[in-house]
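Q: Structure: start-v9.pdb, PDB, C-alpha atoms.
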ATOM      1  CA  MET U   1      53.467 118.266  30.070
ATOM      2  CA  LYS U   2      52.395 121.585  31.512
ATOM      3  CA  ILE U   3      49.416 122.644  29.412
ATOM      4  CA  PHE U   4      48.125 126.210  29.067
ATOM      5  CA  LEU U   5      44.486 125.799  28.036
ATOM      6  CA  ALA U   6      43.014 129.028  26.688
ATOM      7  CA  GLY U   7      39.232 128.854  26.919
ATOM      8  CA  ALA U   8      39.015 126.144  29.553
ATOM      9  CA  THR U   9      35.397 126.548  30.634
ATOM     10  CA  GLY U  10      33.697 125.820  27.302
ATOM     11  CA  ALA U  11      32.337 122.415  26.334
ATOM     12  CA  VAL U  12      35.721 121.245  25.023
ATOM     13  CA  GLY U  13      37.671 122.565  27.990
ATOM     14  CA  GLN U  14      35.419 120.912  30.558
ATOM     15  CA  ALA U  15      35.838 117.561  28.827
ATOM     16  CA  LEU U  16      39.542 118.046  28.146
ATOM     17  CA  VAL U  17      40.859 119.172  31.547
ATOM     18  CA  PRO U  18      40.053 115.937  33.430
ATOM     19  CA  LEU U  19      41.373 113.845  30.550
ATOM     20  CA  LEU U  20      44.673 115.724  30.438
ATOM     21  CA  ILE U  21      45.096 115.357  34.190
ATOM     22  CA  SER U  22      44.294 111.630  34.059
ATOM     23  CA  HIS U  23      47.172 111.275  31.582
ATOM     24  CA  GLY U  24      49.616 112.930  33.939
ATOM     25  CA  HIS U  25      49.584 116.456  32.546
ATOM     26  CA  THR U  26      49.068 119.606  34.600
ATOM     27  CA  VAL U  27      46.715 122.310  33.352
ATOM     28  CA  THR U  28      46.526 126.068  33.690
ATOM     29  CA  GLY U  29      43.092 127.042  32.361
ATOM     30  CA  THR U  30      41.813 130.475  31.420
ATOM     31  CA  THR U  31      38.370 131.978  31.795
ATOM     32  CA  ARG U  32      37.027 135.477  31.267
ATOM     33  CA  SER U  33      34.640 135.088  34.188
ATOM     34  CA  PRO U  34      35.682 135.135  37.877
ATOM     35  CA  SER U  35      32.504 133.162  38.611
ATOM     36  CA  LYS U  36      33.966 130.154  36.778
ATOM     37  CA  VAL U  37      37.211 129.989  38.747
ATOM     38  CA  GLU U  38      35.875 127.476  41.236
ATOM     39  CA  ARG U  39      34.609 125.242  38.433
ATOM     40  CA  LEU U  40      38.113 125.106  36.967
ATOM     41  CA  ARG U  41      39.518 124.149  40.353
ATOM     42  CA  GLU U  42      36.928 121.383  40.642
ATOM     43  CA  LEU U  43      38.040 120.043  37.262
ATOM     44  CA  GLY U  44      41.653 120.046  38.468
ATOM     45  CA  ALA U  45      43.067 123.045  36.611
ATOM     46  CA  GLU U  46      44.903 126.066  37.980
ATOM     47  CA  PRO U  47      42.581 128.942  36.999
ATOM     48  CA  VAL U  48      43.599 132.252  35.445
ATOM     49  CA  VAL U  49      41.088 135.032  34.769
ATOM     50  CA  VAL U  50      42.054 136.791  31.548
ATOM     51  CA  ASP U  51      40.348 137.983  28.372
ATOM     52  CA  GLY U  52      41.712 136.252  25.285
ATOM     53  CA  LEU U  53      41.989 139.610  23.514
ATOM     54  CA  ASP U  54      44.014 141.196  26.333
ATOM     55  CA  ARG U  55      47.483 140.973  24.789
ATOM     56  CA  ASP U  56      49.456 141.943  27.883
ATOM     57  CA  GLY U  57      47.272 139.831  30.163
ATOM     58  CA  VAL U  58      47.649 136.704  28.026
ATOM     59  CA  ARG U  59      51.394 137.196  27.623
ATOM     60  CA  ALA U  60      51.817 137.583  31.368
ATOM     61  CA  ALA U  61      49.667 134.525  32.100
ATOM     62  CA  VAL U  62      51.624 132.330  29.683
ATOM     63  CA  ALA U  63      54.954 133.616  30.998
ATOM     64  CA  GLU U  64      53.935 132.830  34.571
ATOM     65  CA  ALA U  65      52.581 129.362  33.700
ATOM     66  CA  ARG U  66      55.752 128.405  31.779
ATOM     67  CA  PRO U  67      53.893 125.717  29.810
ATOM     68  CA  ASP U  68      55.233 123.042  27.494
ATOM     69  CA  ALA U  69      52.201 123.392  25.220
ATOM     70  CA  ILE U  70      49.360 125.813  24.545
ATOM     71  CA  VAL U  71      45.864 124.667  23.549
ATOM     72  CA  HIS U  72      43.577 127.280  21.964
ATOM     73  CA  GLN U  73      39.895 126.535  22.604
ATOM     74  CA  MET U  74      38.613 130.099  22.871
ATOM     75  CA  THR U  75      35.178 130.827  21.437
ATOM     76  CA  ALA U  76      32.323 133.187  22.313
ATOM     77  CA  LEU U  77      29.361 130.982  21.479
ATOM     78  CA  GLY U  78      27.503 130.822  24.775
ATOM     79  CA  GLY U  79      23.774 131.523  24.781
ATOM     80  CA  ASP U  80      21.343 131.416  21.878
ATOM     81  CA  LEU U  81      22.799 131.014  18.405
ATOM     82  CA  ASP U  82      20.965 132.860  15.646
ATOM     83  CA  LEU U  83      22.128 130.962  12.573
ATOM     84  CA  ARG U  84      20.029 133.175  10.314
ATOM     85  CA  LYS U  85      22.372 136.014  11.297
ATOM     86  CA  PHE U  86      25.447 133.827  11.075
ATOM     87  CA  GLU U  87      27.993 136.597  10.537
ATOM     88  CA  ARG U  88      26.875 138.567  13.567
ATOM     89  CA  THR U  89      26.573 135.455  15.739
ATOM     90  CA  PHE U  90      30.181 134.416  15.054
ATOM     91  CA  ALA U  91      31.771 137.895  15.066
ATOM     92  CA  ALA U  92      33.225 137.646  18.587
ATOM     93  CA  THR U  93      34.463 134.101  18.011
ATOM     94  CA  ASN U  94      36.138 135.190  14.792
ATOM     95  CA  ARG U  95      38.062 137.874  16.685
ATOM     96  CA  LEU U  96      39.320 135.142  19.012
ATOM     97  CA  ARG U  97      40.275 133.052  15.967
ATOM     98  CA  THR U  98      42.270 135.926  14.487
ATOM     99  CA  GLU U  99      43.419 138.455  17.096
ATOM    100  CA  GLY U 100      43.278 135.902  19.901
ATOM    101  CA  THR U 101      45.355 133.418  17.921
ATOM    102  CA  ASP U 102      47.971 136.062  17.123
ATOM    103  CA  ILE U 103      48.210 136.945  20.821
ATOM    104  CA  LEU U 104      48.646 133.320  21.867
ATOM    105  CA  LEU U 105      51.301 132.718  19.221
ATOM    106  CA  GLN U 106      53.198 135.807  20.353
ATOM    107  CA  ALA U 107      53.009 134.607  23.950
ATOM    108  CA  ALA U 108      54.211 131.165  22.852
ATOM    109  CA  ARG U 109      57.231 132.637  21.055
ATOM    110  CA  GLU U 110      58.159 134.775  24.036
ATOM    111  CA  ALA U 111      57.864 131.833  26.430
ATOM    112  CA  GLY U 112      59.694 129.415  24.152
ATOM    113  CA  VAL U 113      56.621 127.196  23.675
ATOM    114  CA  GLU U 114      56.862 125.200  20.461
ATOM    115  CA  ARG U 115      53.758 123.032  20.748
ATOM    116  CA  VAL U 116      50.485 124.821  19.999
ATOM    117  CA  VAL U 117      47.180 123.099  19.229
ATOM    118  CA  ALA U 118      44.215 125.166  18.064
ATOM    119  CA  GLN U 119      40.524 124.576  17.431
ATOM    120  CA  SER U 120      39.337 124.807  13.836
ATOM    121  CA  PHE U 121      36.189 123.472  12.174
ATOM    122  CA  ALA U 122      35.290 120.758   9.656
ATOM    123  CA  ALA U 123      31.503 120.615   9.589
ATOM    124  CA  TRP U 124      30.800 122.938   6.633
ATOM    125  CA  PRO U 125      33.902 124.695   5.155
ATOM    126  CA  ASN U 126      34.940 122.042   2.603
ATOM    127  CA  ALA U 127      34.628 122.847  -1.103
ATOM    128  CA  ARG U 128      31.209 121.851  -2.439
ATOM    129  CA  VAL U 129      32.491 119.898  -5.433
ATOM    130  CA  GLY U 130      33.337 116.262  -6.070
ATOM    131  CA  GLY U 131      32.711 113.448  -3.619
ATOM    132  CA  PRO U 132      30.762 113.643  -0.370
ATOM    133  CA  VAL U 133      33.694 113.290   2.066
ATOM    134  CA  LYS U 134      36.899 115.350   2.034
ATOM    135  CA  THR U 135      40.384 114.978   3.495
ATOM    136  CA  GLU U 136      42.590 117.675   4.999
ATOM    137  CA  ASP U 137      44.368 118.021   1.650
ATOM    138  CA  ASP U 138      41.201 118.918  -0.246
ATOM    139  CA  PRO U 139      40.461 122.638  -0.750
ATOM    140  CA  LEU U 140      37.995 124.573   1.358
ATOM    141  CA  ASP U 141      35.061 126.439  -0.168
ATOM    142  CA  GLN U 142      36.241 129.062  -2.661
ATOM    143  CA  GLU U 143      32.849 130.766  -2.993
ATOM    144  CA  PRO U 144      31.081 130.555   0.373
ATOM    145  CA  PRO U 145      27.701 132.235   0.902
ATOM    146  CA  LYS U 146      27.971 135.836   2.070
ATOM    147  CA  GLN U 147      26.876 135.192   5.661
ATOM    148  CA  VAL U 148      29.741 132.716   6.305
ATOM    149  CA  ARG U 149      32.585 134.447   4.437
ATOM    150  CA  THR U 150      34.128 136.239   7.399
ATOM    151  CA  THR U 151      33.920 133.064   9.484
ATOM    152  CA  LEU U 152      35.650 131.014   6.797
ATOM    153  CA  GLU U 153      38.298 133.721   6.404
ATOM    154  CA  SER U 154      38.971 133.621  10.144
ATOM    155  CA  ILE U 155      39.254 129.825  10.076
ATOM    156  CA  LEU U 156      41.726 129.990   7.188
ATOM    157  CA  ARG U 157      43.746 132.675   8.957
ATOM    158  CA  LEU U 158      43.874 130.660  12.182
ATOM    159  CA  GLU U 159      45.002 127.508  10.390
ATOM    160  CA  SER U 160      47.658 129.355   8.381
ATOM    161  CA  ALA U 161      49.057 131.174  11.418
ATOM    162  CA  VAL U 162      49.110 128.105  13.660
ATOM    163  CA  THR U 163      50.548 125.621  11.180
ATOM    164  CA  GLY U 164      52.975 128.250   9.865
ATOM    165  CA  ALA U 165      54.349 128.542  13.388
ATOM    166  CA  GLY U 166      54.754 124.773  13.633
ATOM    167  CA  GLY U 167      51.513 124.240  15.522
ATOM    168  CA  ILE U 168      48.604 121.888  14.878
ATOM    169  CA  ALA U 169      45.072 122.811  13.771
ATOM    170  CA  LEU U 170      42.208 120.479  14.633
ATOM    171  CA  ARG U 171      39.120 120.646  12.442
ATOM    172  CA  TYR U 172      36.340 119.454  14.708
ATOM    173  CA  GLY U 173      33.039 118.118  13.461
ATOM    174  CA  GLY U 174      29.729 119.331  14.819
ATOM    175  CA  PHE U 175      29.653 118.825  18.581
ATOM    176  CA  TYR U 176      27.123 116.802  20.502
ATOM    177  CA  GLY U 177      27.139 115.540  24.066
ATOM    178  CA  PRO U 178      27.283 117.034  27.570
ATOM    179  CA  GLY U 179      27.867 120.762  27.661
ATOM    180  CA  THR U 180      26.973 121.294  23.991
ATOM    181  CA  SER U 181      23.798 122.632  22.410
ATOM    182  CA  PHE U 182      23.077 119.125  21.089
ATOM    183  CA  ALA U 183      22.310 117.350  24.350
ATOM    184  CA  PRO U 184      19.117 116.998  26.396
ATOM    185  CA  GLY U 185      17.941 120.515  27.185
ATOM    186  CA  GLY U 186      20.315 122.092  24.667
ATOM    187  CA  GLU U 187      19.173 124.535  22.015
ATOM    188  CA  GLN U 188      19.536 122.313  18.926
ATOM    189  CA  TRP U 189      18.068 119.333  20.780
ATOM    190  CA  GLU U 190      15.005 121.363  21.735
ATOM    191  CA  MET U 191      14.644 122.701  18.195
ATOM    192  CA  LEU U 192      14.302 119.118  16.959
ATOM    193  CA  MET U 193      11.855 118.300  19.729
ATOM    194  CA  GLN U 194       9.711 121.286  18.689
ATOM    195  CA  ARG U 195       9.997 120.632  14.932
ATOM    196  CA  LYS U 196      11.848 123.922  14.455
ATOM    197  CA  PHE U 197      14.795 122.271  12.645
ATOM    198  CA  PRO U 198      13.455 121.412   9.164
ATOM    199  CA  ILE U 199      15.066 119.514   6.321
ATOM    200  CA  VAL U 200      15.575 121.946   3.450
ATOM    201  CA  GLY U 201      15.272 120.738  -0.141
ATOM    202  CA  ASN U 202      16.723 117.295  -0.731
ATOM    203  CA  GLY U 203      18.780 117.332   2.487
ATOM    204  CA  ALA U 204      21.822 116.095   0.554
ATOM    205  CA  GLY U 205      24.363 118.143   2.547
ATOM    206  CA  VAL U 206      26.785 115.797   4.328
ATOM    207  CA  TRP U 207      27.510 116.593   7.979
ATOM    208  CA  SER U 208      30.311 115.294  10.178
ATOM    209  CA  PHE U 209      29.748 114.972  13.914
ATOM    210  CA  ILE U 210      31.888 114.309  16.979
ATOM    211  CA  HIS U 211      30.969 113.482  20.578
ATOM    212  CA  ILE U 212      32.516 115.920  23.037
ATOM    213  CA  ASP U 213      34.353 113.037  24.758
ATOM    214  CA  ASP U 214      36.016 112.197  21.435
ATOM    215  CA  VAL U 215      36.844 115.873  20.867
ATOM    216  CA  ALA U 216      38.826 115.682  24.097
ATOM    217  CA  GLY U 217      40.415 112.356  23.137
ATOM    218  CA  GLY U 218      41.431 113.602  19.705
ATOM    219  CA  THR U 219      42.905 116.768  21.182
ATOM    220  CA  LEU U 220      44.936 114.760  23.704
ATOM    221  CA  ALA U 221      46.186 112.494  20.898
ATOM    222  CA  ALA U 222      47.240 115.521  18.844
ATOM    223  CA  LEU U 223      49.095 117.011  21.818
ATOM    224  CA  GLU U 224      50.970 113.805  22.491
ATOM    225  CA  HIS U 225      51.503 112.455  18.979
ATOM    226  CA  GLY U 226      50.652 115.123  16.378
ATOM    227  CA  THR U 227      53.086 116.218  13.680
ATOM    228  CA  PRO U 228      54.048 119.914  13.806
ATOM    229  CA  GLY U 229      52.481 121.971  11.026
ATOM    230  CA  ARG U 230      49.698 119.446  10.444
ATOM    231  CA  ILE U 231      45.915 119.757  10.154
ATOM    232  CA  TYR U 232      43.738 116.917  11.438
ATOM    233  CA  ASN U 233      40.005 116.304  11.020
ATOM    234  CA  ILE U 234      38.632 115.302  14.419
ATOM    235  CA  THR U 235      35.305 113.800  13.366
ATOM    236  CA  ASP U 236      33.548 110.489  13.793
ATOM    237  CA  ASP U 237      33.497 107.626  11.290
ATOM    238  CA  ASP U 238      30.037 108.343   9.933
ATOM    239  CA  PRO U 239      29.546 111.511   7.848
ATOM    240  CA  ALA U 240      25.950 111.482   6.668
ATOM    241  CA  PRO U 241      23.479 113.554   4.651
ATOM    242  CA  VAL U 242      20.876 115.617   6.470
ATOM    243  CA  SER U 243      18.133 113.443   4.953
ATOM    244  CA  ASP U 244      19.680 110.459   6.769
ATOM    245  CA  TRP U 245      20.818 111.771  10.136
ATOM    246  CA  MET U 246      18.005 114.169  11.009
ATOM    247  CA  PRO U 247      15.071 111.713  10.867
ATOM    248  CA  TYR U 248      17.184 109.085  12.650
ATOM    249  CA  VAL U 249      18.160 111.480  15.430
ATOM    250  CA  ALA U 250      14.609 112.775  15.816
ATOM    251  CA  LYS U 251      13.353 109.231  16.323
ATOM    252  CA  ALA U 252      16.202 108.397  18.697
ATOM    253  CA  ILE U 253      15.460 111.315  21.022
ATOM    254  CA  GLY U 254      11.683 110.926  20.905
ATOM    255  CA  ALA U 255      11.050 113.969  18.713
ATOM    256  CA  PRO U 256       8.418 114.118  15.976
ATOM    257  CA  PRO U 257       9.647 113.657  12.404
ATOM    258  CA  PRO U 258      11.301 116.824  11.072
ATOM    259  CA  ARG U 259       9.408 119.042   8.680
ATOM    260  CA  HIS U 260      10.456 119.323   5.020
ATOM    261  CA  ILE U 261      10.548 122.679   3.268
ATOM    262  CA  PRO U 262      11.542 123.502  -0.336
ATOM    263  CA  ARG U 263      14.792 125.287  -1.146
ATOM    264  CA  TRP U 264      13.044 128.524  -2.066
ATOM    265  CA  VAL U 265      11.532 128.726   1.415
ATOM    266  CA  GLY U 266      14.913 127.949   2.931
ATOM    267  CA  ARG U 267      16.437 130.873   1.016
ATOM    268  CA  LEU U 268      14.098 133.221   2.858
ATOM    269  CA  MET U 269      16.028 132.245   6.011
ATOM    270  CA  GLY U 270      19.394 132.589   4.283
ATOM    271  CA  GLU U 271      21.310 131.102   1.366
ATOM    272  CA  HIS U 272      23.969 129.827   3.778
ATOM    273  CA  LEU U 273      21.383 127.641   5.519
ATOM    274  CA  VAL U 274      20.308 126.139   2.187
ATOM    275  CA  VAL U 275      23.958 125.389   1.382
ATOM    276  CA  MET U 276      24.463 123.674   4.737
ATOM    277  CA  MET U 277      21.368 121.568   4.241
ATOM    278  CA  CYS U 278      21.844 120.672   0.596
ATOM    279  CA  GLU U 279      25.465 121.082  -0.525
ATOM    280  CA  VAL U 280      28.147 120.840   2.190
ATOM    281  CA  ARG U 281      30.626 117.963   2.295
ATOM    282  CA  GLY U 282      31.727 115.791   5.190
ATOM    283  CA  ALA U 283      35.240 115.228   6.540
ATOM    284  CA  SER U 284      37.371 112.083   6.700
ATOM    285  CA  ASN U 285      39.088 111.234   9.998
ATOM    286  CA  GLU U 286      41.494 108.679   8.500
ATOM    287  CA  ARG U 287      44.596 110.841   8.949
ATOM    288  CA  ALA U 288      43.906 111.451  12.627
ATOM    289  CA  LYS U 289      43.284 107.783  13.335
ATOM    290  CA  ARG U 290      46.337 106.690  11.349
ATOM    291  CA  GLU U 291      48.868 109.258  12.552
ATOM    292  CA  LEU U 292      47.663 109.889  16.096
ATOM    293  CA  GLY U 293      46.659 106.375  17.101
ATOM    294  CA  TRP U 294      43.312 107.892  18.053
ATOM    295  CA  GLU U 295      40.435 105.565  18.925
ATOM    296  CA  LEU U 296      36.916 106.910  19.211
ATOM    297  CA  LYS U 297      34.656 106.139  22.127
ATOM    298  CA  TRP U 298      31.661 106.885  19.899
ATOM    299  CA  PRO U 299      32.531 105.949  16.266
ATOM    300  CA  SER U 300      29.101 107.072  15.057
ATOM    301  CA  TRP U 301      26.408 109.525  16.063
ATOM    302  CA  ARG U 302      24.058 106.578  15.478
ATOM    303  CA  GLN U 303      25.397 105.184  18.758
ATOM    304  CA  GLY U 304      26.242 108.336  20.664
ATOM    305  CA  ILE U 305      23.004 110.279  20.304
ATOM    306  CA  PRO U 306      20.660 107.422  21.304
ATOM    307  CA  ALA U 307      22.920 106.892  24.334
ATOM    308  CA  LEU U 308      22.449 110.545  25.303
ATOM    309  CA  ALA U 309      18.705 110.106  25.009
ATOM    310  CA  GLY U 310      18.764 106.891  27.005
ATOM    311  CA  THR U 311      17.327 104.882  24.111
ATOM    312  CA  ARG U 312      18.509 101.714  22.456
ATOM    313  CA  GLN U 313      17.702 102.506  18.867
ATOM    314  CA  GLU U 314      19.262  99.995  16.521
ATOM    315  CA  VAL U 315      22.483 101.168  14.926
ATOM    316  CA  SER U 316      22.064 101.043  11.175
ATOM    317  CA  ALA U 317      25.020 100.130   8.986
ATOM    318  CA  ARG U 318      26.889 102.969   7.322
ATOM    319  CA  ALA U 319      26.161 103.150   3.590
TER
END
Please go through the file and, once you have read it, give me the structure as structure tokens.
A:
Amino acid sequence: MKIFLAGATGAVGQALVPLLISHGHTVTGTTRSPSKVERLRELGAEPVVVDGLDRDGVRAAVAEARPDAIVHQMTALGGDLDLRKFERTFAATNRLRTEGTDILLQAAREAGVERVVAQSFAAWPNARVGGPVKTEDDPLDQEPPKQVRTTLESILRLESAVTGAGGIALRYGGFYGPGTSFAPGGEQWEMLMQRKFPIVGNGAGVWSFIHIDDVAGGTLAALEHGTPGRIYNITDDDPAPVSDWMPYVAKAIGAPPPRHIPRWVGRLMGEHLVVMMCEVRGASNERAKRELGWELKWPSWRQGIPALAGTRQEVSARA
């Protein structure tokens, strides 16, 4: 296939481009920055410099590329992430999830492209009721904390627009691995090393992770085998509570044990952070594995994160 990859220089794009090419696809990749054009060429993509919110520019780029499929990986999350000011931090990304998605879908219609795959998110939006792990058919949070409401609304709008047009939405877990903030030298990694990433309250919130290599593999599988109009959780096999994964990861990367703070202290940083630490639910990947024939390179963060750190910490059995 000819693939138009919008947002090709982010962590997902840099893992995805070589994989697509190794499977015989050709890639036109977009970037907002002329300085990243050469990097796209090195990866094997045909670069296009265009802003994802430039309607005429995107339409012209898609028309010229004449792709068989469009992959939407546009975000604006480079640099430091201030999770205390969650709404402000994600404002630009949410415009890409709403306005940017609408522009890509318009360009797809005009170019006769029927296959669209778009990035969504699975790591915290599930409803905070019932069991610890949710499927794609379970509802998302109906009463999210104030700081994350606009982000959840943009996720819901993206999924509705994409699947309504016959496209596929991929709910990724929390990224780790090369090019992400959870890798040696990355922001979240360094926060753990410096004990700036505490466990809040009982740490019962269940998180789902995914290695960036498996993000690329799951996206390729969805492109090649996904059912139109479907949502897939692209997460690993091992959703786990904060009280489990954070001490394990700290030990694996050679960080000191994380601090513990009570919920009331956590609320001073933001109710949304308390919810993420104590109440969120994980995501099941069974549909993606069953329907896409997707096999993970790193089935658990218990394997993938020690490998990043160059350690051989024993992999504990999943509860």
Q: When you look at stretch 160-174 of chain U with a cut-off of 8 Å (counting all atoms listed in the file), what residues show up, excluding the ones that are within fewer than 6 positions of it in the same chain? I need them as a PyMOL selection string.
A: chain U and resi 101-102+105+114-123+207-210+215+219+222+226-236+283
Q: Give as a ChimeraX atom specification every residue, naming chains and numbers as the document does, that has an atom within 12 Å of (14.5, 118.5, 21.9), counting only C-alpha atoms.
A: /U:181-197,249-258,305,308-309
Q: Decode the PyMOL selection byres ((chain U and resi 27) around 8) for the given file into explicit residues and return them as a list in words.
A: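 Evaluating the PyMOL selection byres ((chain U and resi 27) around 8) on this file yields Lys2, Ile3, Phe4, Leu5, Val17, Leu20, Ile21, His25, Thr26, Thr28, Gly29, Gly44, Ala45 and Glu46 of chain U.
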Q: Please measure the separation of atom CA of U:Lys297 and atom CA of U:Asp214, giving the value in Å to one decimal.
A: 6.2 Å
Q: Under the rule that all atoms listed in the file are counted, which of U:Asp213, U:Asn202, U:Pro139, U:Arg281 is the nearest residue to U:Phe175?
A: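 With all atoms listed in the file as the atom set, the closest residue is U:Asp213.
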Q: Between atom CA of U:Ser300 and atom CA of U:Gly218, what is the distance, to one decimal in Å?
A: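 Distance reported for this atom pair: 14.7 Å.
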Q: Show me the residues close to (27.6, 139.1, 9.0) - anything with an atom within 9 Å, counting all atoms listed in the file - and format the list as a list in words.
A: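 Returned residue set, sorted by chain then number, is Lys85, Phe86, Glu87, Arg88, Thr89, Phe90, Ala91, Lys146, Gln147, Val148, Arg149, Thr150 and Thr151 of chain U.
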Q: As a check of understanding, name the residues that the PyMOL selection byres ((chain U and resi 272-279) around 12) selects in the supplied structure, as a PyMOL selection string.
A: chain U and resi 82-87+123-133+141+143-149+151+197-208+240-246+260-271+280-282
Q: Please measure the separation of atom CA of U:Pro47 and atom CA of U:Thr30, giving the value in Å to one decimal.
A: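 Distance between the two atoms: 5.8 Å.
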Q: Which residue, U:Arg32, U:Arg109, U:Arg95, U:Arg41, has the smallest gap to U:Val62 when you use all atoms listed in the file?
A: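 Going through U:Arg32, U:Arg109, U:Arg95, U:Arg41 one by one, the smallest distance to U:Val62 is for U:Arg109.
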Q: I'd like to know which of U:Gly179, U:Gly304, U:Pro299, U:Gly52 is closest to U:Thr98, using all atoms listed in the file.
A: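 Looking only at the distances to U:Thr98, the closest residue turns out to be U:Gly52.
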Q: Tell me which protein, DNA and RNA residues are within 6 Å of U:Gly7, counting all atoms listed in the file, leaving out same-chain ones fewer than 6 positions away, and put them as a list in words.
A: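 Listed by chain and then number, they are Thr30, Thr31, Gln73 and Met74 of chain U.
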Q: Measuring between all atoms listed in the file, which one of U:Gly177, U:Pro239, U:Pro306, U:Gly293 shows the shortest distance to U:Gly217?
A: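 Nearest candidate to U:Gly217 out of U:Gly177, U:Pro239, U:Pro306, U:Gly293: U:Gly293.
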Q: Could you tell me which of U:Leu96, U:Leu140, U:Ile212, U:Ala6 comes closest to U:Leu53 if we count only C-alpha atoms?
A: U:Leu96
